[in-house]
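Coordinates from data_22.pdb are shown below (PDB, C-alpha atoms).
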```
ATOM      1  CA  ASP A  53       0.000   0.000   0.000  1.00  0.00           C
ATOM      2  CA  TYR A  54       1.439   3.382  -0.996  1.00  0.00           C
ATOM      3  CA  PRO A  55       1.027   6.589   1.025  1.00  0.00           C
ATOM      4  CA  ARG A  56      -1.783   8.875  -0.124  1.00  0.00           C
ATOM      5  CA  ALA A  57      -2.698  12.458   0.695  1.00  0.00           C
ATOM      6  CA  SER A  58      -5.671  12.786   3.082  1.00  0.00           C
ATOM      7  CA  HIS A  59      -5.083   9.173   4.156  1.00  0.00           C
ATOM      8  CA  THR A  60      -1.563   8.466   5.438  1.00  0.00           C
ATOM      9  CA  ILE A  61       0.463   9.650   8.425  1.00  0.00           C
ATOM     10  CA  ALA A  62       3.868   8.761   9.844  1.00  0.00           C
ATOM     11  CA  CYS A  63       4.791   8.814  13.525  1.00  0.00           C
ATOM     12  CA  ASN A  64       7.361   7.418  15.941  1.00  0.00           C
ATOM     13  CA  ASP A  65       4.827   6.193  18.524  1.00  0.00           C
ATOM     14  CA  SER A  66       4.693   2.419  18.027  1.00  0.00           C
ATOM     15  CA  ARG A  67       1.205   2.308  19.625  1.00  0.00           C
ATOM     16  CA  LEU A  68      -0.135   4.131  16.576  1.00  0.00           C
ATOM     17  CA  TRP A  69       1.583   2.068  13.854  1.00  0.00           C
ATOM     18  CA  HIS A  70      -0.957   0.347  11.599  1.00  0.00           C
ATOM     19  CA  GLN A  71      -3.833   2.059  13.419  1.00  0.00           C
ATOM     20  CA  TRP A  72      -6.516   4.438  12.215  1.00  0.00           C
ATOM     21  CA  VAL A  73      -6.374   7.701  14.146  1.00  0.00           C
ATOM     22  CA  THR A  74      -8.511  10.821  14.154  1.00  0.00           C
ATOM     23  CA  ILE A  75      -6.632  14.098  14.267  1.00  0.00           C
ATOM     24  CA  GLU A  76      -9.074  16.568  15.786  1.00  0.00           C
ATOM     25  CA  GLY A  77     -10.047  19.181  13.223  1.00  0.00           C
ATOM     26  CA  TYR A  78      -8.261  17.433  10.318  1.00  0.00           C
ATOM     27  CA  GLY A  79      -9.824  14.002   9.795  1.00  0.00           C
ATOM     28  CA  THR A  80      -9.040  10.311  10.062  1.00  0.00           C
ATOM     29  CA  TYR A  81      -5.732   8.871   8.838  1.00  0.00           C
ATOM     30  CA  TYR A  82      -3.910   5.550   8.740  1.00  0.00           C
ATOM     31  CA  CYS A  83      -0.515   5.391  10.460  1.00  0.00           C
ATOM     32  CA  HIS A  84       1.376   3.621   7.724  1.00  0.00           C
ATOM     33  CA  ASP A  85       4.970   4.626   8.326  1.00  0.00           C
ATOM     34  CA  THR A  86       7.602   5.739  10.789  1.00  0.00           C
ATOM     35  CA  GLY A  87       9.473   8.966  10.534  1.00  0.00           C
ATOM     36  CA  GLY A  88      12.550  10.790  11.726  1.00  0.00           C
ATOM     37  CA  MET A  89      10.558  13.233  13.825  1.00  0.00           C
ATOM     38  CA  SER A  90      10.676  13.538  17.616  1.00  0.00           C
ATOM     39  CA  SER A  91       8.093  11.985  19.909  1.00  0.00           C
ATOM     40  CA  ASN A  92       4.577  13.444  20.006  1.00  0.00           C
ATOM     41  CA  VAL A  93       4.864  14.496  16.353  1.00  0.00           C
ATOM     42  CA  ILE A  94       2.758  13.173  13.487  1.00  0.00           C
ATOM     43  CA  ASP A  95       3.641  13.804   9.862  1.00  0.00           C
ATOM     44  CA  ILE A  96       0.614  14.029   7.543  1.00  0.00           C
ATOM     45  CA  TYR A  97       1.374  12.902   3.992  1.00  0.00           C
ATOM     46  CA  MET A  98       0.474  15.593   1.445  1.00  0.00           C
ATOM     47  CA  ASP A  99       0.595  15.820  -2.343  1.00  0.00           C
ATOM     48  CA  SER A 100       3.451  18.298  -2.560  1.00  0.00           C
ATOM     49  CA  TYR A 101       6.234  20.032  -0.709  1.00  0.00           C
ATOM     50  CA  ASP A 102       4.404  23.349  -1.153  1.00  0.00           C
ATOM     51  CA  ALA A 103       1.267  21.926   0.490  1.00  0.00           C
ATOM     52  CA  CYS A 104       3.379  20.806   3.452  1.00  0.00           C
ATOM     53  CA  ILE A 105       5.014  24.216   3.811  1.00  0.00           C
ATOM     54  CA  GLN A 106       1.633  25.983   3.604  1.00  0.00           C
ATOM     55  CA  PHE A 107       0.150  23.657   6.245  1.00  0.00           C
ATOM     56  CA  GLY A 108       3.149  24.125   8.542  1.00  0.00           C
ATOM     57  CA  ARG A 109       3.274  22.851  12.121  1.00  0.00           C
ATOM     58  CA  ARG A 110       0.106  22.695  14.175  1.00  0.00           C
ATOM     59  CA  SER A 111      -1.048  21.279  17.474  1.00  0.00           C
ATOM     60  CA  ALA A 112      -4.016  18.912  17.646  1.00  0.00           C
ATOM     61  CA  LYS A 113      -5.440  16.111  19.751  1.00  0.00           C
ATOM     62  CA  VAL A 114      -5.102  12.598  18.324  1.00  0.00           C
ATOM     63  CA  TYR A 115      -7.405   9.650  19.064  1.00  0.00           C
ATOM     64  CA  ILE A 116      -7.074   6.006  18.093  1.00  0.00           C
ATOM     65  CA  VAL A 117     -10.182   4.856  16.200  1.00  0.00           C
ATOM     66  CA  HIS A 118     -11.572   1.637  17.684  1.00  0.00           C
TER
END
```

Re-express the file's structure as structure tokens.
Amino acid sequence: DYPRASHTIACNDSRLWHQWVTIEGYGTYYCHDTGGMSSNVIDIYMDSYDACIQFGRRSAKVYIVH
């Protein structure tokens, strides 16, 4: 399965790997990958570098979907 915008996130928290999570205010994503970021950081996959830069860094609550 390949990463897709509006679907895939990466994080370093092993509890979230291969889980569906809801990021409050942004939607539901699948944690498909790890990343080089620090703890308590989630990287949302986007279509382009420019989209990532425009989105920037934000704070949000994250919930595992059961």

Given the PyMOL selection byres ((chain A and resi 61) around 8), the residues it picks as a ChimeraX atom specification: /A:59-60,62-63,81-85,94-97

In Å and to one decimal, CA of Gln71 in chain A is distant from CA of Met98 in chain A by 18.6 Å

Distance criterion (only C-alpha atoms): nearest to Trp72 in chain A out of A:Arg110, A:Asp53, A:Asp99, A:His118 |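 So, comparing all the options, the nearest one is A:His118.
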
Do you know which residues are at most 9 Å from Glu76 in chain A counting all atoms listed in the file, after dropping those on the same chain fewer than 2 positions away, and could you put them as an mmCIF file with C-alpha atoms, keeping the file's coordinate frame?
```cif
data_model
loop_
_atom_site.group_PDB
_atom_site.id
_atom_site.type_symbol
_atom_site.label_atom_id
_atom_site.label_comp_id
_atom_site.auth_asym_id
_atom_site.auth_seq_id
_atom_site.Cartn_x
_atom_site.Cartn_y
_atom_site.Cartn_z
ATOM 1 C CA THR A 74 -8.511 10.821 14.154
ATOM 2 C CA TYR A 78 -8.261 17.433 10.318
ATOM 3 C CA GLY A 79 -9.824 14.002 9.795
ATOM 4 C CA THR A 80 -9.040 10.311 10.062
ATOM 5 C CA ALA A 112 -4.016 18.912 17.646
ATOM 6 C CA LYS A 113 -5.440 16.111 19.751
ATOM 7 C CA VAL A 114 -5.102 12.598 18.324
ATOM 8 C CA TYR A 115 -7.405 9.650 19.064
#
```

Output as AutoDock Vina command-line options the centre and edge lengths (Å, one decimal) of the box along x, y and z of the file that holds every listed atom of range 67-73 of chain A after adding 3 Å on each side.
```
--center_x -2.5 --center_y 4.0 --center_z 15.6 --size_x 14.1 --size_y 13.4 --size_z 14.0
```

To one decimal in Å, tell me the separation between CA of Trp69 in chain A and CA of Thr86 in chain A.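 Result for CA of Trp69 in chain A versus CA of Thr86 in chain A: 7.7 Å, one decimal.
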
### Message
Between A:Cys104, A:Val117, A:Leu68, A:Ala57, which residue has the minimum interatomic distance to Asn92 in chain A, considering all atoms listed in the file?
### Response
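Selected residue with least distance to Asn92 in chain A: A:Leu68.
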
As a check of understanding: the span from CA of Ala103 in chain A to CA of Arg67 in chain A is 27.4 Å

message: Show me, as a list in words, the residues that have an atom within 7 Å of Asn64 in chain A when counting all atoms listed in the file, minus same-chain residues fewer than 2 positions from it.
response: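 These residues fall inside the cut-off: Ser66, Thr86, Gly87, Met89 and Ser91 of chain A.
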